[in-house]
>>> print(open('coords_22.txt').read())   # compact mmCIF, C-alpha atoms and all ligand atoms
# COMPACT_ATOMS: atom_id res chain seq x y z
CA MET A 248 92.31 125.63 169.97
CA THR A 249 93.93 122.25 169.49
CA ALA A 250 96.27 120.69 172.02
CA ALA A 251 99.01 120.88 169.40
CA ALA A 252 98.53 124.64 169.02
CA SER A 253 98.78 125.18 172.78
CA ALA A 254 102.20 123.49 172.75
CA GLN A 255 103.66 126.44 170.79
CA ALA A 256 105.30 129.21 172.83
CA PRO A 257 103.33 132.42 172.21
CA THR A 258 105.16 135.12 170.28
CA GLY A 259 104.59 138.87 170.42
CA GLU A 260 102.67 140.51 167.61
CA PRO A 261 103.12 144.21 166.81
CA PHE A 262 100.54 146.34 168.69
CA GLY A 263 101.83 149.75 167.61
CA LYS A 264 104.23 152.34 168.96
CA THR A 265 104.29 154.66 171.95
CA LYS A 266 104.41 158.45 171.42
CA ASP A 267 108.18 158.30 171.87
CA GLY A 268 108.53 155.62 169.21
CA LYS A 269 108.93 152.41 171.24
CA SER A 270 107.42 149.26 169.73
CA VAL A 271 104.76 147.54 171.79
CA GLU A 272 103.93 143.85 171.40
CA LEU A 273 100.80 141.87 172.19
CA TYR A 274 100.93 138.26 173.42
CA THR A 275 97.94 135.94 173.13
CA LEU A 276 97.58 133.15 175.70
CA GLU A 277 94.91 130.51 175.16
CA SER A 278 93.44 127.68 177.17
CA ASP A 279 92.04 124.50 175.65
CA ALA A 280 89.00 125.25 177.88
CA GLY A 281 88.24 128.50 175.98
CA LEU A 282 89.82 131.41 177.89
CA VAL A 283 91.78 133.85 175.70
CA VAL A 284 93.99 136.48 177.35
CA LYS A 285 95.93 139.23 175.54
CA VAL A 286 98.75 141.06 177.31
CA MET A 287 100.82 143.95 175.94
CA THR A 288 104.34 144.99 176.80
CA ARG A 289 103.41 148.60 177.63
CA GLY A 290 102.76 148.47 181.35
CA ALA A 291 102.63 144.62 181.34
CA THR A 292 98.95 145.29 180.70
CA LEU A 293 95.99 142.95 180.26
CA VAL A 294 94.34 144.19 177.06
CA GLN A 295 91.63 141.55 176.54
CA ILE A 296 90.20 138.62 178.50
CA HIS A 297 87.63 136.56 176.59
CA ALA A 298 85.67 134.30 178.95
CA PRO A 299 82.75 131.96 178.15
CA ASP A 300 79.20 132.60 179.41
CA LYS A 301 76.62 129.95 180.34
CA ASP A 302 76.02 129.19 176.63
CA GLY A 303 79.73 128.99 175.83
CA LYS A 304 79.77 132.43 174.16
CA LEU A 305 83.05 134.32 174.58
CA ASP A 306 82.99 138.01 175.51
CA ASP A 307 85.83 140.35 176.35
CA VAL A 308 85.26 141.15 180.05
CA ILE A 309 87.84 143.90 180.69
CA LEU A 310 88.04 147.55 179.69
CA GLY A 311 90.78 148.80 177.39
CA TRP A 312 91.63 150.14 173.97
CA ASP A 313 92.38 148.79 170.51
CA ASP A 314 95.66 150.71 170.25
CA VAL A 315 98.56 152.12 172.24
CA ALA A 316 97.30 155.70 171.71
CA GLY A 317 94.17 154.80 173.72
CA TYR A 318 96.33 153.61 176.59
CA GLU A 319 98.38 156.82 176.39
CA SER A 320 95.24 158.99 176.45
CA GLU A 321 93.82 160.94 179.42
CA GLY A 322 90.94 158.49 179.65
CA ASN A 323 93.22 155.67 180.76
CA GLN A 324 92.59 155.21 184.46
CA TYR A 325 95.13 152.37 184.85
CA PHE A 326 93.12 149.95 182.68
CA GLY A 327 94.49 146.40 183.03
CA CYS A 328 98.02 147.48 183.91
CA THR A 329 100.64 146.23 186.29
CA THR A 330 100.52 148.94 188.94
CA GLY A 331 103.52 150.12 190.95
CA ARG A 332 106.22 150.38 192.16
CA VAL A 333 103.66 151.02 194.92
CA CYS A 334 100.03 150.65 193.96
CA ASN A 335 97.33 152.67 195.74
CA ARG A 336 98.09 155.79 197.78
CA ILE A 337 101.06 157.08 199.77
CA ALA A 338 100.02 159.97 202.04
CA ARG A 339 101.27 163.31 200.67
CA GLY A 340 103.81 161.34 198.60
CA LYS A 341 106.21 161.20 201.54
CA PHE A 342 107.99 158.50 203.48
CA THR A 343 111.17 157.96 205.48
CA LEU A 344 113.37 154.89 205.16
CA ASP A 345 116.74 154.19 206.82
CA GLY A 346 116.87 157.82 208.00
CA MET A 347 116.35 159.28 204.50
CA SER A 348 113.24 161.24 203.49
CA TYR A 349 111.69 160.62 200.08
CA GLU A 350 109.22 162.77 198.15
CA LEU A 351 107.18 161.35 195.32
CA ALA A 352 104.92 162.98 192.74
CA ILE A 353 101.54 164.21 194.00
CA ASN A 354 99.30 162.91 191.22
CA ASN A 355 96.12 162.43 193.24
CA ASP A 356 96.04 165.64 195.22
CA PRO A 357 97.24 165.68 198.02
CA ASN A 358 98.62 162.13 197.67
CA HIS A 359 100.78 159.90 195.49
CA LEU A 360 98.83 157.24 193.55
CA HIS A 361 99.84 154.05 191.71
CA GLY A 362 103.58 154.66 191.39
CA GLY A 363 103.80 158.11 189.81
CA VAL A 364 103.43 160.13 186.65
CA GLU A 365 105.91 159.54 183.82
CA ARG A 366 107.72 156.25 184.49
CA SER A 367 105.43 154.27 186.80
CA LEU A 368 105.29 150.56 185.91
CA ASP A 369 102.08 150.99 183.88
CA LYS A 370 103.69 153.50 181.47
CA VAL A 371 106.99 151.89 180.56
CA VAL A 372 107.56 149.23 177.90
CA TRP A 373 108.63 145.86 179.35
CA ASN A 374 110.73 143.09 177.80
CA ALA A 375 108.78 139.89 177.16
CA LYS A 376 109.26 136.24 176.34
CA GLY A 377 106.50 133.75 175.68
CA PHE A 378 106.74 130.19 176.98
CA THR A 379 104.78 126.99 177.18
CA ASN A 380 105.05 124.30 179.83
CA LYS A 381 102.94 121.45 181.15
CA ARG A 382 100.71 123.91 183.04
CA GLY A 383 99.83 126.06 180.02
CA GLN A 384 100.88 129.06 177.96
CA GLY A 385 102.54 132.11 179.40
CA VAL A 386 104.51 135.26 178.93
CA ARG A 387 107.19 136.54 181.28
CA MET A 388 107.65 140.31 181.33
CA THR A 389 110.63 142.03 182.91
CA TYR A 390 111.49 145.62 183.67
CA SER A 391 114.47 147.10 185.46
CA SER A 392 113.54 150.38 187.13
CA PRO A 393 116.64 152.50 187.80
CA ASP A 394 117.52 153.86 191.26
CA GLY A 395 115.45 156.99 191.87
CA GLU A 396 112.89 156.41 189.12
CA GLU A 397 109.68 158.24 190.09
CA GLY A 398 111.52 159.17 193.31
CA TYR A 399 111.73 155.65 194.74
CA PRO A 400 115.03 154.43 196.21
CA GLY A 401 116.95 151.49 194.73
CA LYS A 402 117.18 149.78 191.37
CA LEU A 403 114.14 147.51 191.21
CA ASP A 404 114.12 144.47 188.91
CA VAL A 405 110.56 143.30 188.39
CA THR A 406 109.25 140.14 186.70
CA VAL A 407 105.55 139.60 186.04
CA THR A 408 104.53 136.22 184.67
CA PHE A 409 101.11 135.68 183.11
CA LEU A 410 100.07 132.02 182.72
CA VAL A 411 96.84 130.70 181.22
CA ALA A 412 96.15 127.14 182.39
CA LYS A 413 96.02 124.45 179.72
CA ASP A 414 92.71 122.89 180.65
CA SER A 415 90.83 125.38 182.82
CA ASN A 416 89.75 129.00 182.45
CA ARG A 417 92.38 130.30 184.83
CA LEU A 418 94.86 133.15 184.57
CA THR A 419 97.68 133.24 187.13
CA ILE A 420 99.79 136.36 187.58
CA GLN A 421 103.01 136.00 189.52
CA TYR A 422 105.12 138.99 190.58
CA LYS A 423 108.77 138.92 191.64
CA ALA A 424 111.07 141.82 192.49
CA ASN A 425 114.59 142.44 193.76
CA THR A 426 116.26 145.64 194.86
CA ASP A 427 119.73 146.94 195.71
CA LYS A 428 118.44 149.38 198.41
CA ALA A 429 115.56 149.12 200.88
CA THR A 430 112.45 150.27 199.03
CA PRO A 431 108.68 149.96 199.31
CA VAL A 432 107.02 147.58 196.82
CA ASN A 433 103.32 146.83 196.37
CA LEU A 434 102.30 145.34 193.03
CA THR A 435 98.88 144.59 191.63
CA ASN A 436 96.96 144.33 188.38
CA HIS A 437 94.36 147.02 187.75
CA ALA A 438 91.93 145.23 185.37
CA TYR A 439 88.42 146.70 185.20
CA PHE A 440 85.92 143.84 184.89
CA ASN A 441 82.38 143.74 183.61
CA LEU A 442 81.29 140.11 183.42
CA ALA A 443 78.44 141.01 181.03
CA GLY A 444 81.15 142.12 178.59
CA ALA A 445 83.22 145.32 178.68
CA GLY A 446 81.12 148.29 177.60
CA SER A 447 77.94 146.95 179.24
CA GLU A 448 76.07 149.61 181.15
CA THR A 449 76.74 148.77 184.78
CA VAL A 450 78.26 146.46 187.38
CA LEU A 451 75.59 147.25 189.94
CA ASP A 452 73.87 143.98 188.96
CA HIS A 453 76.97 141.90 189.77
CA VAL A 454 76.96 139.96 193.04
CA LEU A 455 80.15 140.21 195.08
CA ARG A 456 81.42 138.09 197.92
CA LEU A 457 84.57 139.09 199.78
CA ASN A 458 86.45 136.87 202.20
CA ALA A 459 87.01 139.76 204.61
CA ASP A 460 85.71 140.41 208.12
CA GLN A 461 87.68 143.67 208.30
CA TYR A 462 88.67 146.69 206.23
CA THR A 463 90.89 149.75 206.55
CA PRO A 464 88.75 152.92 206.95
CA VAL A 465 90.08 156.05 205.21
CA ASP A 466 90.10 159.83 205.71
CA ASP A 467 88.73 162.43 203.28
CA THR A 468 91.71 161.92 200.94
CA LEU A 469 91.39 158.10 200.92
CA ILE A 470 94.41 157.56 203.19
CA PRO A 471 93.85 154.88 205.85
CA THR A 472 93.29 156.22 209.35
CA GLY A 473 95.41 153.31 210.64
CA LYS A 474 92.42 151.51 212.15
CA ILE A 475 91.46 148.00 211.18
CA ALA A 476 87.68 147.92 211.56
CA SER A 477 85.02 145.24 211.40
CA VAL A 478 82.69 145.23 208.37
CA GLU A 479 79.85 144.06 210.62
CA GLY A 480 76.81 146.31 210.29
CA THR A 481 78.43 148.49 207.57
CA ASP A 482 77.71 148.98 203.85
CA VAL A 483 81.01 147.25 203.08
CA ASP A 484 80.00 143.87 204.52
CA PHE A 485 80.22 141.47 201.53
CA ARG A 486 80.86 138.30 203.54
CA LYS A 487 77.61 136.64 202.53
CA GLY A 488 77.56 138.01 198.99
CA ALA A 489 75.53 141.06 197.96
CA ARG A 490 74.48 142.84 194.80
CA ILE A 491 76.88 145.76 194.30
CA GLY A 492 73.98 148.16 193.66
CA LYS A 493 72.14 147.17 196.82
CA ARG A 494 73.77 149.63 199.23
CA ILE A 495 76.05 151.74 197.01
CA ALA A 496 73.82 154.86 197.19
CA ALA A 497 74.59 155.06 200.91
CA LEU A 498 78.22 155.75 199.91
CA ASP A 499 77.54 158.34 197.19
CA ASP A 500 78.44 161.18 199.53
CA ALA A 501 81.30 159.42 201.30
CA SER A 502 84.91 160.37 200.45
CA THR A 503 85.11 157.13 198.44
CA ILE A 504 82.09 158.15 196.25
CA GLY A 505 80.94 154.52 196.14
CA TYR A 506 83.11 151.49 196.83
CA ASP A 507 86.82 152.28 196.94
CA HIS A 508 87.92 150.32 200.00
CA ASN A 509 90.78 148.08 201.01
CA PHE A 510 89.64 144.87 202.66
CA VAL A 511 91.73 142.82 205.08
CA LEU A 512 91.49 139.24 203.90
CA ASN A 513 90.70 136.59 206.51
CA PRO A 514 93.68 134.36 207.33
CA ARG A 515 94.38 131.79 204.65
CA PRO A 516 93.92 128.10 205.44
CA ALA A 517 97.16 126.54 206.74
CA ASP A 518 97.24 123.93 203.95
CA SER A 519 96.90 126.42 201.10
CA ARG A 520 99.37 128.81 199.48
CA LEU A 521 96.59 130.98 198.04
CA ASN A 522 93.70 132.52 199.92
CA LEU A 523 90.25 133.03 198.46
CA ALA A 524 89.76 136.80 198.20
CA ALA A 525 86.65 137.47 196.10
CA ILE A 526 83.91 135.84 194.07
CA VAL A 527 81.99 137.98 191.56
CA ARG A 528 78.92 136.63 189.79
CA HIS A 529 76.93 138.11 186.93
CA PRO A 530 73.54 136.38 187.11
CA ASP A 531 72.40 136.99 183.49
CA SER A 532 75.49 135.69 181.70
CA GLY A 533 76.24 133.08 184.36
CA ARG A 534 79.89 134.20 184.45
CA VAL A 535 81.67 133.91 187.77
CA LEU A 536 85.13 135.22 188.58
CA ARG A 537 86.99 133.78 191.57
CA ILE A 538 90.10 135.55 192.78
CA ALA A 539 92.65 133.89 195.06
CA THR A 540 95.89 135.46 196.21
CA THR A 541 98.93 135.37 198.47
CA GLU A 542 98.36 139.08 199.28
CA PRO A 543 96.85 140.19 202.61
CA GLY A 544 94.40 142.73 201.12
CA ILE A 545 92.15 143.58 198.20
CA GLN A 546 90.92 146.98 197.01
CA PHE A 547 87.35 146.87 195.74
CA TYR A 548 86.77 149.89 193.49
CA SER A 549 83.37 150.25 191.80
CA GLY A 550 84.51 152.36 188.83
CA ASN A 551 83.21 155.59 190.38
CA PHE A 552 85.46 157.81 188.28
CA LEU A 553 84.72 156.20 184.91
CA MET A 554 83.40 159.05 182.81
CA GLY A 555 82.10 157.70 179.52
CA GLN A 556 85.45 157.34 177.78
CA VAL A 557 85.23 155.47 174.49
CA GLY A 558 87.28 152.26 174.38
CA LYS A 559 87.59 149.01 172.42
CA ASP A 560 85.17 148.65 169.49
CA GLY A 561 83.83 152.17 170.17
CA LYS A 562 82.20 151.04 173.42
CA THR A 563 81.51 153.58 176.16
CA TYR A 564 82.77 153.09 179.69
CA ALA A 565 80.17 154.77 181.91
CA HIS A 566 80.24 155.62 185.63
CA ARG A 567 80.23 152.31 187.57
CA SER A 568 80.27 150.17 184.42
CA ALA A 569 83.27 148.15 185.61
CA LEU A 570 84.90 147.10 188.86
CA CYS A 571 88.46 146.53 190.02
CA LEU A 572 89.53 143.96 192.58
CA GLU A 573 93.16 144.80 193.25
CA THR A 574 94.98 142.23 195.37
CA GLN A 575 97.60 144.13 197.34
CA HIS A 576 99.24 145.09 200.62
CA PHE A 577 97.28 147.83 202.36
CA PRO A 578 97.40 151.46 201.09
CA ASP A 579 100.04 153.78 202.58
CA SER A 580 101.69 150.82 204.36
CA VAL A 581 105.09 152.53 204.24
CA ASN A 582 103.71 155.14 206.69
CA GLN A 583 101.52 152.82 208.76
CA PRO A 584 103.45 150.89 211.42
CA ASN A 585 100.59 148.50 212.24
CA PHE A 586 100.05 147.34 208.63
CA PRO A 587 101.96 144.39 207.10
CA ASP A 588 105.39 145.58 205.93
CA THR A 589 105.94 146.52 202.26
CA VAL A 590 109.65 147.35 202.45
CA LEU A 591 111.81 145.06 200.31
CA GLN A 592 115.42 144.69 201.45
CA PRO A 593 118.45 143.96 199.24
CA GLY A 594 119.03 140.20 199.08
CA GLU A 595 115.32 139.45 199.56
CA THR A 596 112.90 138.52 196.77
CA PHE A 597 109.42 140.03 196.69
CA GLU A 598 106.96 137.34 195.57
CA SER A 599 103.24 137.45 195.12
CA THR A 600 100.67 135.43 193.16
CA THR A 601 97.05 136.07 192.19
CA GLN A 602 94.77 133.66 190.33
CA TYR A 603 91.68 134.66 188.36
CA THR A 604 89.42 131.69 187.65
CA PHE A 605 86.44 132.12 185.33
CA GLN A 606 83.57 129.73 185.95
CA ILE A 607 79.90 129.34 185.07
CA ALA A 608 77.22 129.57 187.79
CA ILE A 609 74.96 126.58 187.93
CA PRO A 610 71.35 127.88 187.78
CA LYS A 611 69.46 127.23 191.04
CA ASN A 612 66.18 125.74 189.65
C1 LIG A 701 91.75 153.64 193.33
C2 LIG A 701 90.76 154.71 192.91
C3 LIG A 701 91.26 155.34 191.65
C4 LIG A 701 91.43 154.26 190.59
C5 LIG A 701 91.93 154.77 189.27
C6 LIG A 701 91.88 152.65 192.23
O1 LIG A 701 92.83 151.69 192.57
O2 LIG A 701 91.39 153.03 194.54
O3 LIG A 701 90.59 155.66 193.93
O4 LIG A 701 90.38 156.32 191.20
O5 LIG A 701 92.31 153.30 191.07
O6 LIG A 701 93.08 155.46 189.41
>>> encode(input="coords_22.txt", output="structure tokens")
Amino acid sequence: MTAAASAQAPTGEPFGKTKDGKSVELYTLESDAGLVVKVMTRGATLVQIHAPDKDGKLDDVILGWDDVAGYESEGNQYFGCTTGRVCNRIARGKFTLDGMSYELAINNDPNHLHGGVERSLDKVVWNAKGFTNKRGQGVRMTYSSPDGEEGYPGKLDVTVTFLVAKDSNRLTIQYKANTDKATPVNLTNHAYFNLAGAGSETVLDHVLRLNADQYTPVDDTLIPTGKIASVEGTDVDFRKGARIGKRIAALDDASTIGYDHNFVLNPRPADSRLNLAAIVRHPDSGRVLRIATTEPGIQFYSGNFLMGQVGKDGKTYAHRSALCLETQHFPDSVNQPNFPDTVLQPGETFESTTQYTFQIAIPKN
């Protein structure tokens, strides 16, 4: 794309309608360096990310569908969406705040997962406005969730801004939220990546490095036990970088059925706003994804429940053919006194930023 084209503010193109007749729009954000990102207003969802390989060839590296009906289908396991109000699990869907007890939908028996059933942030249609500035092209999506929606207290106003840098292959997602009553908030993006191109057979050949000495072990229902444990000597030690397939079989019979763990990121350097969280490398294509965040944790999920659903271009999404790296506060924080706090108070602003930088690995020989 030419520099002149990138100066235009992106506009939404029609992407179809939801079952209940709401129009959904798709915004295209492009970098002069090659990255192309498409985001739709249903669920403030990443629909496509085209990133260059070592030969400059673009491939779409995230799972998804070509139409809204795909996203509304049973096969959609939170593909690319903004996840919340509280991503990940809340034990038995219950919590107490300011002396009041709240009960949320149990949609991942016996727990609450990813914000609920009907009106979680991934299922509603957001307002959107494209913009361009000296940093690049973006789209700002807003949604006002009424008091009590999906059982959560308070009216929550959420803004998610997607920005593609002008001259590098970098997508930045910034989240902001305000409330009028104390309420738990934990927001992430749930993109499923395969750096060989979405629809490729596996991610077991990807090499992952995590900047985490510790993780939060879970019980049989994937709720944290409350312990913060060292990764040393475990199958979840990715500090030096390891092929995902190397040790995954050891976790086949665990409650997580593979990797489905929240990692505690090492403290961020004092001079930096963002902390390196993860680096994923796909040796054959040379694609590398670097994720940096302001969040204290990251869920690494190895696509264990993908079940061969058919997505974009008729491609099949097989068991472990994509991975999620969800920057977040820890699961079930609202019930875990020793985890960083996720309760947003009236008058405060929730703020969080995650950057996804696509690079090319330099061959070693
Ligand atoms: C969770 C998985 C879940 C997946 C899809 C991930 O964030 O950790 O357990 O199956 O989302 O819902």
>>> residues_near_ligand(input="coords_22.txt", ligand="ligand LIG 701 (chain A)", cutoff="6 Å", atoms="all atoms listed in the file", output="PyMOL selection string")
chain A and resi 324-325+335+507+548+552
>>> closest_residue(input="coords_22.txt", among="A:Arg456, A:Lys304, A:Arg339, A:Lys370", to="Thr265 in chain A", atoms="all atoms listed in the file")
A:Lys370
>>> closest_atom_pairs(input="coords_22.txt", of="range 268-290 of chain A", to="range 308-319 of chain A", cutoff="10 Å", atoms="all atoms listed in the file", output="tab-separated table")
residue	atom	partner	partner_atom	distance
A:Ser270	CA	A:Val315	CA	9.6
A:Val271	CA	A:Val315	CA	7.7
A:Glu272	CA	A:Val315	CA	9.9
A:Met287	CA	A:Val315	CA	9.2
A:Arg289	CA	A:Val315	CA	8.1
A:Gly290	CA	A:Tyr318	CA	9.5
>>> atom_distance(input="coords_22.txt", atom1="CA of Thr330 in chain A", atom2="CA of Gly362 in chain A")
6.9 Å
>>> closest_residue(input="coords_22.txt", among="A:Gln461, A:Gln421, A:Asn582, A:Gln606", to="Ala298 in chain A", atoms="only C-alpha atoms")
A:Gln606
>>> closest_residue(input="coords_22.txt", among="A:Thr503, A:Gly555, A:Lys269, A:Val432", to="Ile470 in chain A", atoms="only C-alpha atoms")
A:Thr503
>>> closest_residue(input="coords_22.txt", among="A:Phe485, A:Tyr462, A:Tyr439, A:Tyr564", to="Pro578 in chain A", atoms="all atoms listed in the file")
A:Tyr462
>>> closest_residue(input="coords_22.txt", among="A:Val581, A:Cys328, A:Leu457, A:Ala443", to="His361 in chain A", atoms="all atoms listed in the file")
A:Cys328
>>> closest_residue(input="coords_22.txt", among="A:Val284, A:Leu403, A:Ala256, A:Leu293", to="Gly331 in chain A", atoms="all atoms listed in the file")
A:Leu403
>>> residues_around(input="coords_22.txt", residues="range 583-590 of chain A", least_positions_apart="3", cutoff="6 Å", atoms="only C-alpha atoms", output="list in words")
Thr430, Pro431, Val432 and Ser580 of chain A
>>> decode(input="coords_22.txt", residues="range 484-493 of chain A", atoms="all heavy atoms", output="CSV table (one decimal), in the first residue's frame")
chain,number,residue,atom,x,y,z
A,484,ASP,N,7.6,-25.5,31.6
A,484,ASP,CA,8.7,-24.5,31.6
A,484,ASP,C,9.1,-24.2,30.2
A,484,ASP,O,9.7,-25.0,29.4
A,484,ASP,CB,9.9,-25.2,32.3
A,484,ASP,CG,11.1,-24.3,32.5
A,484,ASP,OD1,11.1,-23.2,31.9
A,484,ASP,OD2,12.0,-24.6,33.3
A,485,PHE,N,8.7,-23.0,29.8
A,485,PHE,CA,9.0,-22.5,28.4
A,485,PHE,C,10.0,-21.3,28.4
A,485,PHE,O,10.1,-20.5,27.5
A,485,PHE,CB,7.7,-22.0,27.7
A,485,PHE,CG,6.9,-23.2,27.2
A,485,PHE,CD1,5.9,-23.7,28.0
A,485,PHE,CD2,7.2,-23.8,26.0
A,485,PHE,CE1,5.1,-24.8,27.5
A,485,PHE,CE2,6.4,-24.9,25.5
A,485,PHE,CZ,5.4,-25.4,26.3
A,486,ARG,N,10.8,-21.2,29.5
A,486,ARG,CA,11.7,-20.0,29.7
A,486,ARG,C,12.8,-20.0,28.6
A,486,ARG,O,13.2,-18.9,28.2
A,486,ARG,CB,12.3,-20.0,31.1
A,486,ARG,CG,11.2,-19.7,32.1
A,486,ARG,CD,11.8,-19.8,33.5
A,486,ARG,NE,12.2,-21.2,33.8
A,486,ARG,CZ,12.7,-21.6,34.9
A,486,ARG,NH1,12.9,-20.7,35.9
A,486,ARG,NH2,13.0,-22.9,35.2
A,487,LYS,N,13.2,-21.2,28.2
A,487,LYS,CA,14.3,-21.2,27.2
A,487,LYS,C,13.8,-21.4,25.8
A,487,LYS,O,14.6,-21.4,24.9
A,487,LYS,CB,15.3,-22.3,27.6
A,487,LYS,CG,16.1,-22.1,28.9
A,487,LYS,CD,17.4,-22.9,28.9
A,487,LYS,CE,18.3,-22.5,30.1
A,487,LYS,NZ,17.8,-23.1,31.3
A,488,GLY,N,12.5,-21.6,25.7
A,488,GLY,CA,12.0,-21.8,24.3
A,488,GLY,C,11.9,-23.3,24.1
A,488,GLY,O,12.9,-24.0,24.3
A,489,ALA,N,10.8,-23.8,23.7
A,489,ALA,CA,10.7,-25.3,23.5
A,489,ALA,C,9.6,-25.5,22.4
A,489,ALA,O,8.6,-24.7,22.3
A,489,ALA,CB,10.3,-26.0,24.7
A,490,ARG,N,9.8,-26.6,21.6
A,490,ARG,CA,8.8,-27.0,20.7
A,490,ARG,C,7.5,-27.4,21.4
A,490,ARG,O,7.6,-28.1,22.4
A,490,ARG,CB,9.3,-28.1,19.8
A,490,ARG,CG,8.8,-28.2,18.4
A,490,ARG,CD,9.6,-29.2,17.6
A,490,ARG,NE,9.9,-30.4,18.3
A,490,ARG,CZ,9.0,-31.4,18.5
A,490,ARG,NH1,7.8,-31.4,18.0
A,490,ARG,NH2,9.4,-32.4,19.2
A,491,ILE,N,6.4,-26.9,21.0
A,491,ILE,CA,5.1,-27.2,21.7
A,491,ILE,C,4.8,-28.7,21.8
A,491,ILE,O,4.4,-29.2,22.8
A,491,ILE,CB,3.9,-26.4,21.1
A,491,ILE,CG1,4.2,-24.9,21.3
A,491,ILE,CG2,2.6,-26.8,21.7
A,491,ILE,CD1,3.3,-24.0,20.6
A,492,GLY,N,5.2,-29.4,20.7
A,492,GLY,CA,4.9,-30.8,20.7
A,492,GLY,C,5.9,-31.6,21.6
A,492,GLY,O,5.6,-32.8,21.9
A,493,LYS,N,6.9,-31.0,22.1
A,493,LYS,CA,8.0,-31.8,22.7
A,493,LYS,C,7.5,-32.6,24.0
A,493,LYS,O,7.7,-33.7,24.1
A,493,LYS,CB,9.1,-30.8,23.1
A,493,LYS,CG,10.4,-31.5,23.6
A,493,LYS,CD,11.5,-30.5,23.8
A,493,LYS,CE,12.6,-31.2,24.6
A,493,LYS,NZ,13.4,-30.2,25.3
